[in-house]
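Coordinates from data18.cif are shown below (mmCIF, C-alpha atoms and all ligand atoms).
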```
data_run
#
loop_
_atom_site.label_atom_id
_atom_site.label_comp_id
_atom_site.auth_asym_id
_atom_site.auth_seq_id
_atom_site.Cartn_x
_atom_site.Cartn_y
_atom_site.Cartn_z
CA MET A 1 6.92 1.34 -22.57
CA GLY A 2 3.87 -0.84 -23.04
CA ASN A 3 2.65 -3.55 -25.33
CA SER A 4 -1.01 -2.84 -25.75
CA LYS A 5 -3.73 -0.31 -25.74
CA ILE A 6 -7.06 -0.36 -23.99
CA TYR A 7 -9.70 -1.98 -26.17
CA SER A 8 -12.46 -2.13 -23.57
CA LYS A 9 -14.97 0.57 -23.15
CA ILE A 10 -15.91 1.42 -19.57
CA ILE A 11 -19.50 2.60 -19.37
CA TYR A 12 -20.82 4.15 -16.15
CA SER A 13 -24.57 3.92 -16.32
CA ARG A 14 -27.62 3.26 -14.23
CA ALA A 15 -29.69 2.58 -17.35
CA LEU A 16 -28.40 -0.96 -17.61
CA GLU A 17 -31.00 -2.48 -19.93
CA GLN A 18 -30.75 0.41 -22.37
CA GLU A 19 -26.95 0.08 -22.53
CA LEU A 20 -27.21 -3.68 -22.93
CA GLN A 21 -29.72 -3.43 -25.77
CA THR A 22 -27.12 -1.67 -27.93
CA PHE A 23 -24.72 -4.58 -27.52
CA VAL A 24 -27.38 -7.25 -27.99
CA GLU A 25 -28.44 -5.65 -31.28
CA ALA A 26 -24.86 -5.59 -32.53
CA TYR A 27 -24.61 -9.41 -32.49
CA PRO A 28 -26.54 -11.98 -34.58
CA LYS A 29 -29.94 -12.97 -33.22
CA GLY A 30 -29.75 -16.00 -30.96
CA LYS A 31 -25.97 -15.64 -30.54
CA VAL A 32 -25.98 -13.57 -27.36
CA PHE A 33 -25.61 -15.62 -24.16
CA LEU A 34 -25.59 -14.83 -20.47
CA ALA A 35 -23.46 -16.27 -17.66
CA THR A 36 -24.25 -15.46 -14.07
CA GLU A 37 -24.25 -17.00 -10.59
CA GLU A 38 -27.10 -18.05 -8.32
CA THR A 39 -27.16 -15.15 -5.85
CA VAL A 40 -26.92 -12.48 -8.53
CA ASP A 41 -29.48 -14.32 -10.64
CA GLN A 42 -32.02 -14.31 -7.80
CA LEU A 43 -31.37 -10.74 -6.68
CA TRP A 44 -30.98 -9.05 -10.04
CA VAL A 45 -30.86 -10.94 -13.33
CA SER A 46 -34.22 -12.70 -13.04
CA LYS A 47 -35.84 -9.28 -12.54
CA LEU A 48 -34.47 -7.69 -15.71
CA ASP A 49 -36.90 -7.57 -18.66
CA ILE A 50 -34.12 -7.93 -21.20
CA PHE A 51 -33.46 -11.45 -19.97
CA CYS A 52 -37.08 -12.61 -19.92
CA GLU A 53 -38.27 -15.69 -21.85
CA LYS A 54 -39.51 -13.87 -24.94
CA ASN A 55 -36.03 -12.60 -25.67
CA THR A 56 -33.59 -15.13 -27.04
CA ILE A 57 -30.74 -14.65 -24.58
CA ARG A 58 -30.08 -18.05 -23.06
CA LYS A 59 -28.58 -18.25 -19.57
CA VAL A 60 -26.14 -20.47 -17.67
CA VAL A 61 -26.09 -20.14 -13.88
CA ILE A 62 -23.08 -21.17 -11.76
CA PRO A 63 -23.32 -21.68 -7.98
CA ALA A 64 -21.97 -18.66 -6.04
CA GLY A 65 -18.67 -18.62 -4.13
CA GLU A 66 -14.92 -18.68 -4.74
CA ASN A 67 -14.81 -22.50 -4.60
CA ASN A 68 -16.73 -22.50 -7.91
CA LYS A 69 -13.96 -20.65 -9.76
CA LYS A 70 -12.76 -24.00 -11.09
CA ILE A 71 -12.34 -26.01 -14.26
CA GLU A 72 -15.66 -27.87 -13.82
CA SER A 73 -17.51 -24.54 -13.96
CA VAL A 74 -15.60 -23.53 -17.10
CA ALA A 75 -16.64 -26.84 -18.65
CA LYS A 76 -20.25 -26.13 -17.72
CA ILE A 77 -20.10 -22.82 -19.63
CA TRP A 78 -18.33 -24.40 -22.64
CA GLU A 79 -20.99 -27.13 -22.73
CA PHE A 80 -23.79 -24.57 -22.50
CA LEU A 81 -22.35 -22.52 -25.37
CA SER A 82 -21.71 -25.57 -27.48
CA ASN A 83 -25.17 -27.06 -26.93
CA ASN A 84 -26.90 -23.76 -27.71
CA GLY A 85 -25.20 -22.93 -31.00
CA GLY A 86 -22.46 -20.63 -29.71
CA ASP A 87 -20.13 -19.67 -32.55
CA ARG A 88 -17.15 -17.38 -33.19
CA LYS A 89 -19.44 -14.37 -33.60
CA SER A 90 -21.25 -14.90 -30.31
CA LEU A 91 -21.25 -12.61 -27.30
CA LEU A 92 -21.19 -13.84 -23.69
CA ILE A 93 -22.55 -11.36 -21.15
CA ASN A 94 -21.04 -11.98 -17.70
CA ILE A 95 -23.02 -10.62 -14.76
CA GLY A 96 -21.61 -11.13 -11.27
CA GLY A 97 -18.73 -10.49 -8.91
CA GLY A 98 -15.07 -11.20 -9.57
CA MET A 99 -15.53 -14.94 -9.21
CA LEU A 100 -17.97 -14.97 -12.13
CA THR A 101 -16.24 -12.43 -14.38
CA ASP A 102 -12.86 -14.21 -13.98
CA LEU A 103 -14.43 -17.62 -14.64
CA ALA A 104 -16.80 -16.76 -17.49
CA GLY A 105 -14.21 -14.44 -19.04
CA PHE A 106 -11.86 -17.41 -19.21
CA ALA A 107 -14.60 -19.67 -20.63
CA ALA A 108 -15.28 -17.04 -23.31
CA CYS A 109 -11.68 -16.50 -24.29
CA SER A 110 -11.04 -20.23 -24.65
CA PHE A 111 -14.34 -21.29 -26.34
CA LYS A 112 -13.62 -21.81 -30.06
CA ARG A 113 -10.30 -20.03 -29.26
CA GLY A 114 -12.08 -16.89 -28.17
CA ILE A 115 -15.44 -15.17 -28.42
CA ASP A 116 -16.43 -11.68 -27.31
CA PHE A 117 -17.53 -11.12 -23.73
CA LEU A 118 -19.06 -8.18 -21.88
CA ASN A 119 -18.66 -7.70 -18.14
CA ILE A 120 -21.34 -6.35 -15.84
CA PRO A 121 -19.73 -6.34 -12.38
CA THR A 122 -22.05 -6.54 -9.37
CA THR A 123 -19.64 -6.23 -6.42
CA LEU A 124 -17.46 -3.28 -5.45
CA LEU A 125 -14.39 -5.45 -5.95
CA SER A 126 -15.37 -6.45 -9.46
CA GLN A 127 -16.36 -2.87 -10.40
CA VAL A 128 -13.04 -1.32 -9.37
CA ASP A 129 -10.77 -4.22 -10.27
CA ALA A 130 -11.77 -7.71 -11.44
CA SER A 131 -13.99 -6.88 -14.41
CA VAL A 132 -11.49 -4.40 -15.84
CA GLY A 133 -8.16 -5.13 -17.47
CA GLY A 134 -8.49 -8.55 -19.05
CA LYS A 135 -7.06 -10.93 -16.44
CA THR A 136 -9.36 -13.96 -16.65
CA GLY A 137 -8.86 -17.31 -14.98
CA ILE A 138 -9.62 -20.01 -12.45
CA ASN A 139 -8.03 -21.48 -9.35
CA PHE A 140 -6.27 -24.80 -9.88
CA GLY A 141 -4.36 -27.20 -7.62
CA GLY A 142 -5.15 -25.04 -4.59
CA LEU A 143 -3.43 -22.04 -6.23
CA LYS A 144 -5.12 -18.74 -7.01
CA ASN A 145 -5.68 -17.97 -10.70
CA GLU A 146 -3.20 -20.68 -11.67
CA VAL A 147 -4.77 -21.09 -15.12
CA GLY A 148 -6.06 -18.21 -17.21
CA ALA A 149 -5.56 -15.83 -20.10
CA PHE A 150 -5.31 -12.13 -20.83
CA LYS A 151 -8.22 -10.89 -22.92
CA GLU A 152 -10.14 -7.68 -22.57
CA PRO A 153 -13.94 -7.66 -22.52
CA VAL A 154 -15.59 -5.68 -25.33
CA ALA A 155 -16.98 -3.42 -22.62
CA VAL A 156 -17.61 -3.12 -18.90
CA ILE A 157 -20.88 -1.59 -17.69
CA ILE A 158 -20.56 -0.22 -14.16
CA ASN A 159 -23.85 0.36 -12.35
CA THR A 160 -23.56 1.26 -8.66
CA ASP A 161 -27.17 0.21 -8.02
CA PHE A 162 -25.91 -3.37 -7.73
CA LEU A 163 -23.93 -2.35 -4.64
CA LYS A 164 -27.11 -1.65 -2.67
CA THR A 165 -27.48 -5.38 -1.98
CA ILE A 166 -23.84 -6.08 -1.11
CA ASP A 167 -23.10 -7.00 2.52
CA ARG A 168 -20.60 -4.99 4.57
CA GLN A 169 -17.85 -7.62 4.39
CA ASN A 170 -17.96 -7.77 0.62
CA PHE A 171 -18.07 -4.00 0.44
CA ILE A 172 -14.89 -3.57 2.45
CA SER A 173 -13.30 -6.46 0.55
CA GLY A 174 -13.58 -4.33 -2.61
CA TYR A 175 -12.43 -1.28 -0.69
CA ALA A 176 -9.07 -3.05 -0.09
CA GLU A 177 -8.29 -3.10 -3.83
CA MET A 178 -9.13 0.62 -3.92
CA ILE A 179 -6.68 1.25 -1.06
CA LYS A 180 -4.12 -0.64 -3.14
CA HIS A 181 -4.81 1.69 -6.09
CA GLY A 182 -4.30 4.70 -3.80
CA LEU A 183 -1.03 3.29 -2.46
CA ILE A 184 0.53 2.52 -5.84
CA TYR A 185 -0.48 5.62 -7.72
CA SER A 186 -2.55 8.24 -6.03
CA PRO A 187 -2.18 9.74 -2.55
CA LYS A 188 -5.26 11.83 -3.48
CA HIS A 189 -7.34 8.69 -4.03
CA LEU A 190 -6.02 7.29 -0.74
CA ALA A 191 -7.12 10.45 1.05
CA GLU A 192 -10.65 10.33 -0.39
CA LEU A 193 -10.90 6.68 0.66
CA LYS A 194 -9.83 7.56 4.20
CA ASP A 195 -12.59 10.18 4.30
CA PHE A 196 -15.29 7.92 2.83
CA ASP A 197 -17.98 6.91 5.30
CA PHE A 198 -18.80 3.34 4.37
CA GLU A 199 -21.14 2.96 7.34
CA ASN A 200 -23.41 5.51 5.72
CA ILE A 201 -22.87 5.26 1.99
CA ASP A 202 -23.36 8.22 -0.33
CA TYR A 203 -23.88 6.43 -3.67
CA ASP A 204 -23.24 9.49 -5.85
CA LEU A 205 -19.92 10.08 -4.14
CA LEU A 206 -19.17 6.36 -4.35
CA GLN A 207 -19.70 6.44 -8.13
CA GLU A 208 -17.07 9.19 -8.39
CA ILE A 209 -14.58 7.35 -6.19
CA ILE A 210 -15.11 4.13 -8.17
CA ARG A 211 -14.30 6.07 -11.33
CA HIS A 212 -11.03 7.32 -9.79
CA SER A 213 -10.11 3.78 -8.80
CA VAL A 214 -10.89 2.34 -12.23
CA ASN A 215 -8.77 5.13 -13.79
CA VAL A 216 -5.77 3.91 -11.77
CA LYS A 217 -6.32 0.33 -12.90
CA GLU A 218 -6.75 1.38 -16.54
CA TYR A 219 -3.55 3.42 -16.46
CA PHE A 220 -1.43 0.38 -15.62
CA VAL A 221 -3.32 -1.98 -17.94
CA ALA A 222 -3.09 0.43 -20.87
CA ASN A 223 0.67 0.47 -20.53
CA ASP A 224 1.23 -3.25 -20.01
CA LEU A 225 -1.73 -5.58 -20.66
CA THR A 226 0.20 -8.83 -20.20
CA GLU A 227 2.08 -7.80 -17.05
CA GLN A 228 5.60 -7.73 -18.42
CA ASN A 229 6.57 -4.76 -16.27
CA ILE A 230 4.58 -1.87 -14.81
CA ARG A 231 1.26 -3.77 -14.44
CA LYS A 232 2.98 -5.64 -11.61
CA ALA A 233 2.15 -2.56 -9.52
CA LEU A 234 -1.47 -3.81 -9.42
CA ASN A 235 -0.21 -6.93 -7.68
CA LEU A 236 0.91 -5.09 -4.53
CA GLY A 237 -0.14 -7.15 -1.51
CA HIS A 238 -0.92 -10.24 -3.60
CA THR A 239 2.30 -12.27 -3.19
CA VAL A 240 1.61 -12.67 0.53
CA GLY A 241 -2.15 -12.08 0.13
CA HIS A 242 -2.70 -14.98 -2.29
CA ALA A 243 -0.62 -17.24 0.00
CA PHE A 244 -2.89 -16.29 2.93
CA GLU A 245 -5.98 -16.82 0.77
CA SER A 246 -4.86 -20.26 -0.50
CA MET A 247 -3.75 -21.40 2.95
CA ALA A 248 -7.03 -20.28 4.51
CA MET A 249 -8.88 -22.26 1.83
CA GLU A 250 -6.74 -25.36 2.57
CA GLN A 251 -7.48 -24.98 6.27
CA SER A 252 -11.24 -24.74 5.58
CA ARG A 253 -11.49 -21.21 6.95
CA PRO A 254 -11.77 -19.22 3.70
CA ILE A 255 -11.23 -15.47 3.66
CA LEU A 256 -12.46 -12.93 1.13
CA HIS A 257 -9.97 -11.90 -1.54
CA GLY A 258 -9.91 -8.23 -0.51
CA TYR A 259 -9.21 -9.13 3.13
CA ALA A 260 -6.33 -11.34 1.98
CA VAL A 261 -5.00 -8.41 -0.06
CA ALA A 262 -5.26 -6.06 2.95
CA TYR A 263 -3.33 -8.56 5.13
CA GLY A 264 -0.80 -8.98 2.31
CA VAL A 265 -0.37 -5.22 1.93
CA ILE A 266 0.64 -4.91 5.60
CA ALA A 267 3.26 -7.67 5.24
CA GLU A 268 4.54 -6.19 1.98
CA LEU A 269 4.73 -2.66 3.40
CA PHE A 270 6.94 -4.19 6.12
CA LEU A 271 9.17 -5.49 3.28
CA SER A 272 8.98 -2.05 1.64
CA VAL A 273 10.33 -0.44 4.83
CA LYS A 274 13.17 -2.96 4.99
CA LYS A 275 14.15 -3.02 1.32
CA CYS A 276 13.04 0.29 -0.18
CA GLY A 277 13.03 2.76 2.71
CA PHE A 278 9.24 3.21 2.86
CA PRO A 279 8.68 5.81 5.64
CA GLU A 280 8.10 4.13 9.02
CA THR A 281 5.56 6.75 10.14
CA ASP A 282 3.38 6.08 7.06
CA PHE A 283 3.80 2.35 7.63
CA ALA A 284 2.63 2.60 11.26
CA GLU A 285 -0.34 4.78 10.33
CA LEU A 286 -1.46 2.60 7.40
CA THR A 287 -1.09 -0.60 9.43
CA LYS A 288 -3.24 0.77 12.23
CA TRP A 289 -5.88 2.00 9.76
CA MET A 290 -6.09 -1.33 7.94
CA LEU A 291 -6.06 -3.38 11.16
CA ASP A 292 -9.02 -1.32 12.37
CA ILE A 293 -10.97 -2.12 9.21
CA TYR A 294 -9.88 -5.69 8.42
CA GLY A 295 -8.63 -7.16 11.67
CA LYS A 296 -6.08 -9.86 10.90
CA ILE A 297 -5.73 -13.48 9.91
CA GLU A 298 -4.35 -15.56 12.78
CA ILE A 299 -1.27 -17.49 11.66
CA GLU A 300 1.10 -19.83 13.52
CA GLU A 301 4.85 -20.12 13.09
CA THR A 302 4.19 -23.64 11.79
CA ASP A 303 2.30 -22.05 8.85
CA PHE A 304 5.28 -20.03 7.62
CA GLU A 305 6.86 -22.81 5.56
CA ARG A 306 3.57 -23.52 3.77
CA LEU A 307 3.01 -19.81 3.13
CA PHE A 308 6.51 -19.59 1.68
CA GLN A 309 5.84 -22.63 -0.56
CA LEU A 310 2.66 -21.01 -1.82
CA MET A 311 4.58 -17.81 -2.62
CA THR A 312 6.98 -19.82 -4.81
CA HIS A 313 4.03 -20.17 -7.26
CA ASP A 314 3.49 -16.43 -7.64
CA LYS A 315 3.32 -15.38 -11.30
CA LYS A 316 5.81 -12.52 -10.84
CA ASN A 317 8.59 -14.92 -9.88
CA GLU A 318 11.55 -15.49 -12.17
CA SER A 319 14.37 -18.04 -12.07
CA GLY A 320 13.05 -19.53 -8.85
CA LYS A 321 13.23 -16.19 -7.01
CA ILE A 322 10.21 -14.69 -5.28
CA ASN A 323 9.60 -11.22 -6.66
CA PHE A 324 7.52 -8.61 -4.87
CA THR A 325 6.05 -5.29 -5.88
CA LEU A 326 7.14 -2.87 -3.13
CA LEU A 327 6.85 0.85 -2.46
CA PRO A 328 9.69 3.30 -1.71
CA GLU A 329 6.88 5.68 -0.77
CA ILE A 330 3.16 6.14 -1.36
CA GLY A 331 2.60 6.50 -5.10
CA GLU A 332 6.07 5.25 -6.06
CA ILE A 333 6.54 1.67 -7.24
CA ALA A 334 9.49 -0.72 -7.19
CA ILE A 335 8.73 -3.90 -9.18
CA ASN A 336 10.75 -7.16 -9.29
CA GLN A 337 12.01 -6.84 -5.72
CA ASN A 338 13.49 -10.20 -4.81
CA CYS A 339 13.24 -11.01 -1.10
CA GLU A 340 15.09 -13.88 0.54
CA LYS A 341 13.29 -16.46 2.64
CA GLU A 342 14.76 -15.04 5.86
CA LEU A 343 13.27 -11.59 5.21
CA ILE A 344 9.91 -13.06 4.17
CA PHE A 345 9.82 -15.00 7.47
CA GLU A 346 10.70 -11.76 9.30
CA ALA A 347 7.67 -10.11 7.65
CA LEU A 348 5.46 -13.04 8.68
CA HIS A 349 6.78 -12.83 12.27
CA TYR A 350 6.01 -9.14 12.30
CA TYR A 351 2.51 -9.74 10.92
CA LYS A 352 1.87 -12.51 13.47
CA SER A 353 2.94 -10.18 16.30
CA LEU A 354 0.34 -7.51 15.48
N1 LIG B 401 -9.24 -10.37 -12.83
C1 LIG B 401 -8.80 -9.49 -11.97
O1 LIG B 401 -8.09 -8.54 -12.31
C2 LIG B 401 -9.19 -9.62 -10.52
C3 LIG B 401 -8.98 -8.55 -9.66
C4 LIG B 401 -9.35 -8.68 -8.33
C5 LIG B 401 -9.95 -9.85 -7.89
N2 LIG B 401 -10.17 -10.87 -8.76
C6 LIG B 401 -10.86 -12.09 -8.32
O2 LIG B 401 -12.20 -11.71 -7.99
C7 LIG B 401 -12.71 -12.65 -7.05
C8 LIG B 401 -13.39 -11.93 -5.92
O3 LIG B 401 -14.45 -11.17 -6.44
P1 LIG B 401 -15.65 -10.70 -5.51
O4 LIG B 401 -15.13 -10.12 -4.27
O5 LIG B 401 -16.55 -9.91 -6.37
O6 LIG B 401 -16.29 -12.09 -5.09
P2 LIG B 401 -17.57 -12.91 -5.59
O7 LIG B 401 -17.76 -12.81 -7.04
O8 LIG B 401 -17.42 -14.27 -5.00
O9 LIG B 401 -18.77 -12.13 -4.87
C9 LIG B 401 -18.78 -12.01 -3.47
C10 LIG B 401 -20.14 -12.40 -2.88
O10 LIG B 401 -21.09 -11.41 -3.23
C11 LIG B 401 -22.25 -12.01 -3.83
N3 LIG B 401 -22.78 -11.00 -4.74
C12 LIG B 401 -22.31 -10.63 -5.96
N4 LIG B 401 -22.98 -9.55 -6.40
C13 LIG B 401 -23.90 -9.24 -5.45
C14 LIG B 401 -24.86 -8.21 -5.31
N5 LIG B 401 -24.99 -7.24 -6.21
N6 LIG B 401 -25.62 -8.20 -4.19
C15 LIG B 401 -25.46 -9.14 -3.23
N7 LIG B 401 -24.55 -10.13 -3.29
C16 LIG B 401 -23.77 -10.16 -4.40
C17 LIG B 401 -21.73 -13.27 -4.47
O11 LIG B 401 -22.77 -14.22 -4.65
C18 LIG B 401 -20.70 -13.72 -3.43
O12 LIG B 401 -21.33 -14.40 -2.38
C19 LIG B 401 -11.55 -13.51 -6.61
O13 LIG B 401 -11.62 -14.73 -7.26
C20 LIG B 401 -10.34 -12.72 -7.07
O14 LIG B 401 -9.24 -13.56 -7.31
C21 LIG B 401 -9.80 -10.77 -10.06
O1 LIG B 402 -5.03 -6.61 -12.63
C1 LIG B 402 -3.99 -7.02 -12.11
O2 LIG B 402 -2.93 -7.08 -12.72
C2 LIG B 402 -3.99 -7.46 -10.71
O3 LIG B 402 -3.01 -8.02 -10.25
C3 LIG B 402 -5.23 -7.20 -9.92
C4 LIG B 402 -5.39 -8.09 -8.69
O4 LIG B 402 -6.18 -7.36 -7.76
C5 LIG B 402 -6.14 -9.38 -8.96
O5 LIG B 402 -6.40 -10.04 -7.74
C6 LIG B 402 -5.51 -10.34 -9.96
O6 LIG B 402 -6.41 -11.35 -10.30
C7 LIG B 402 -4.28 -11.03 -9.43
O7 LIG B 402 -3.68 -11.66 -10.49
P1 LIG B 402 -2.55 -12.78 -10.34
O8 LIG B 402 -1.82 -12.64 -11.64
O9 LIG B 402 -1.69 -12.45 -9.16
O10 LIG B 402 -3.24 -14.08 -10.20
ZN ZN B 403 -6.75 -8.68 -6.15
#
```
Could I get this structure in the form of structure tokens?
Ligand SMILES: NC(=O)c1ccc[n+]([C@@H]2O[C@H](COP(=O)([O-])OP(=O)(O)OC[C@H]3O[C@@H](n4cnc5c(N)ncnc54)[C@H](O)[C@@H]3O)[C@@H](O)[C@H]2O)c1
Ligand SMILES: O=C(O)C(=O)C[C@@H](O)[C@H](O)[C@H](O)COP(=O)(O)O
Ligand SMILES: [Zn+2]
Amino acid sequence: MGNSKIYSKIIYSRALEQELQTFVEAYPKGKVFLATEETVDQLWVSKLDIFCEKNTIRKVVIPAGENNKKIESVAKIWEFLSNNGGDRKSLLINIGGGMLTDLAGFAACSFKRGIDFLNIPTTLLSQVDASVGGKTGINFGGLKNEVGAFKEPVAVIINTDFLKTIDRQNFISGYAEMIKHGLIYSPKHLAELKDFDFENIDYDLLQEIIRHSVNVKEYFVANDLTEQNIRKALNLGHTVGHAFESMAMEQSRPILHGYAVAYGVIAELFLSVKKCGFPETDFAELTKWMLDIYGKIEIEETDFERLFQLMTHDKKNESGKINFTLLPEIGEIAINQNCEKELIFEALHYYKSL
């Protein structure tokens, strides 16, 4: 099984500038560039000595927010690299949440057909998921990640200090992808997440739990970088979740990605019960737990058709059939599970009734 190996190095370190220096020195002088976004720039990047004027690392800053994960922002990064002498041997350092690492990763892997990039994730979600594994991309035509490429960063530097300025909503958004990792691979990870007190964060413990979560992601990526088979496990909750996220965006009431994933996981566990025999007691317990944390997105019956249409664009689909990743039980995966429209509507009815 598998068509790739892990090329990226994951570095857990709180000595960020020291780690970065090693990379900067490995590339030609003047050919190291930085991409970030406004919030992260103000809170963090502008305070780091390594990026001060006397050093030659030039910077491009994108406005913050999911609505900036778009082609115009990619063009801004291409233009910046082009105007500042970016060449094939350049390095682009991406510092930010998943919006920024997806976007700038895509800009890097398309500029001059691909330059090196290094990810420094600053949200929980990007530390445990988005910055790792080489899925880069942008939203297009109202669809999530409709355009992108698979390319691994040269390294990912994970520094939990960044999480000290994250708000609660963004923290629990990232926590949803960790729950997903527990569900698809590791009941032990799920248990430690259930025990974690995110109202009163222990950062040393968090660092350990992040490492466990990243290990789950790396396991699937190492075996299937381009998502031909087993990597589809990492997409649990995303067929319905991305439809919720896109619809919420269309209706001008955007939701965070991790919340959309949590809502999608509930709907897809319903499908798992129906199609794969997922235990009903586990389903009831997990649904209650996630409802307590995430609440729910309010949907109307009149939304179902649009949600279904959005699901027809999911990247796991084949021959016009909507394919889900489902679970026969916690830690056991069933990929390529085709569900008919009637059953998908049943799941949406169930979700609406909660
Ligand atoms: N490539 C992948 O495998 C993958 C995996 C999961 C999610 N994603 C994508 O990641 C994106 C979501 O990422 P996200 O949740 O990090 O969102 P984000 O990058 O939009 O960041 C969330 C918010 O936190 C702010 N922020 C970032 N770092 C901060 C810090 N240290 N302190 C304070 N505020 C900070 C940002 O300005 C933003 O307002 C989505 O586009 C999703 O599709 C990609
Ligand atoms: O790494 C993966 O593979 C994932 O599916 C991780 C997801 O959490 C992430 O949101 C990813 O960007 C979704 O990809 P998509 O292919 O469904 O757009
Ligand atoms: Zn996701």
Counting all atoms listed in the file, what residues are within 7 Å of ligand LIG 401 (chain B), given as JSON, numbers by chain?
{"A": [37, 38, 39, 40, 43, 64, 65, 66, 69, 96, 97, 98, 99, 100, 102, 122, 123, 124, 125, 126, 129, 130, 131, 132, 133, 134, 135, 136, 144, 145, 162, 163, 164, 165, 166, 167, 170, 173, 174, 256, 257, 258]}
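Nearest to Gly241 of chain A of all the residues A:Val221, A:Val156, A:Leu348, A:Ile335 is A:Leu348, counting all atoms listed in the file.
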Which is closest to Leu310 of chain A among A:Arg58, A:Lys288, A:His212, A:His238, if we use all atoms listed in the file?
A:His238
Name the residues, using the chain letters and numbers of the file, that sit within 12 Å of (-1.9, -0.6, 12.8) when counting all atoms listed in the file, and give them as a PyMOL selection string.
chain A and resi 262-263+265-267+269-270+280-296+350-351+353-354
Go ahead and save the residues from that selection, with C-alpha atoms, as an mmCIF file, keeping the file's coordinate frame.
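Everything below was put into selection_7.cif:
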```
data_model
loop_
_atom_site.group_PDB
_atom_site.id
_atom_site.type_symbol
_atom_site.label_atom_id
_atom_site.label_comp_id
_atom_site.auth_asym_id
_atom_site.auth_seq_id
_atom_site.Cartn_x
_atom_site.Cartn_y
_atom_site.Cartn_z
ATOM 1 C CA ALA A 262 -5.260 -6.060 2.950
ATOM 2 C CA TYR A 263 -3.330 -8.560 5.130
ATOM 3 C CA VAL A 265 -0.370 -5.220 1.930
ATOM 4 C CA ILE A 266 0.640 -4.910 5.600
ATOM 5 C CA ALA A 267 3.260 -7.670 5.240
ATOM 6 C CA LEU A 269 4.730 -2.660 3.400
ATOM 7 C CA PHE A 270 6.940 -4.190 6.120
ATOM 8 C CA GLU A 280 8.100 4.130 9.020
ATOM 9 C CA THR A 281 5.560 6.750 10.140
ATOM 10 C CA ASP A 282 3.380 6.080 7.060
ATOM 11 C CA PHE A 283 3.800 2.350 7.630
ATOM 12 C CA ALA A 284 2.630 2.600 11.260
ATOM 13 C CA GLU A 285 -0.340 4.780 10.330
ATOM 14 C CA LEU A 286 -1.460 2.600 7.400
ATOM 15 C CA THR A 287 -1.090 -0.600 9.430
ATOM 16 C CA LYS A 288 -3.240 0.770 12.230
ATOM 17 C CA TRP A 289 -5.880 2.000 9.760
ATOM 18 C CA MET A 290 -6.090 -1.330 7.940
ATOM 19 C CA LEU A 291 -6.060 -3.380 11.160
ATOM 20 C CA ASP A 292 -9.020 -1.320 12.370
ATOM 21 C CA ILE A 293 -10.970 -2.120 9.210
ATOM 22 C CA TYR A 294 -9.880 -5.690 8.420
ATOM 23 C CA GLY A 295 -8.630 -7.160 11.670
ATOM 24 C CA LYS A 296 -6.080 -9.860 10.900
ATOM 25 C CA TYR A 350 6.010 -9.140 12.300
ATOM 26 C CA TYR A 351 2.510 -9.740 10.920
ATOM 27 C CA SER A 353 2.940 -10.180 16.300
ATOM 28 C CA LEU A 354 0.340 -7.510 15.480
#
```
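Of the listed residues A:Ile297, A:Ile62, A:Ile157, A:Cys52, the one whose atoms come nearest to Pro254 of chain A is A:Ile297, with distances taken using all atoms listed in the file.
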Hey, can you check how far atom CA of Ser90 of chain A sits from atom CA of Arg14 of chain A?
25.1 Å
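With only C-alpha atoms and all ligand atoms as the basis for measurement, A:Ala149 is the residue among A:Ile158, A:Leu190, A:Ile255, A:Ala149 that approaches ligand LIG 402 (chain B) most closely.
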Mind listing whatever residues come within 10 Å of the point (10.7, 3.5, -2.2)? Use only C-alpha atoms, file coordinates, and give them as an mmCIF file with C-alpha atoms, in the frame of the given file.
```cif
data_model
loop_
_atom_site.group_PDB
_atom_site.id
_atom_site.type_symbol
_atom_site.label_atom_id
_atom_site.label_comp_id
_atom_site.auth_asym_id
_atom_site.auth_seq_id
_atom_site.Cartn_x
_atom_site.Cartn_y
_atom_site.Cartn_z
ATOM 1 C CA SER A 272 8.980 -2.050 1.640
ATOM 2 C CA VAL A 273 10.330 -0.440 4.830
ATOM 3 C CA LYS A 274 13.170 -2.960 4.990
ATOM 4 C CA LYS A 275 14.150 -3.020 1.320
ATOM 5 C CA CYS A 276 13.040 0.290 -0.180
ATOM 6 C CA GLY A 277 13.030 2.760 2.710
ATOM 7 C CA PHE A 278 9.240 3.210 2.860
ATOM 8 C CA PRO A 279 8.680 5.810 5.640
ATOM 9 C CA LEU A 326 7.140 -2.870 -3.130
ATOM 10 C CA LEU A 327 6.850 0.850 -2.460
ATOM 11 C CA PRO A 328 9.690 3.300 -1.710
ATOM 12 C CA GLU A 329 6.880 5.680 -0.770
ATOM 13 C CA ILE A 330 3.160 6.140 -1.360
ATOM 14 C CA GLY A 331 2.600 6.500 -5.100
ATOM 15 C CA GLU A 332 6.070 5.250 -6.060
ATOM 16 C CA ILE A 333 6.540 1.670 -7.240
ATOM 17 C CA ALA A 334 9.490 -0.720 -7.190
#
```
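Taking atom CA of Ser246 of chain A and atom O4 of ligand LIG 402 (chain B) as the two end points, the separation is 14.9 Å.
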Find the residues around Tyr203 of chain A up to 12 Å (all atoms listed in the file counted), leave out those fewer than 2 positions away in its own chain, and share them as a VMD selection string.
chain A and resid 14 124 159 to 164 196 to 201 205 to 210
Select, from A:Arg168, A:Lys59, A:Lys9, A:Lys321, the residue with the minimum atom-to-atom distance to Phe23 of chain A, counting all atoms listed in the file.
A:Lys9
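You will find atom CA of Ile57 of chain A at 5.2 Å from atom CA of Phe33 of chain A.
The residue set within 10 Å of Gly86 of chain A, counting all atoms listed in the file and dropping same-chain residues fewer than 6 places from it, reads Gly30, Lys31, Val32, Phe33, Trp78, Glu79, Phe80, Leu92, Phe111, Lys112 and Ile115 of chain A.
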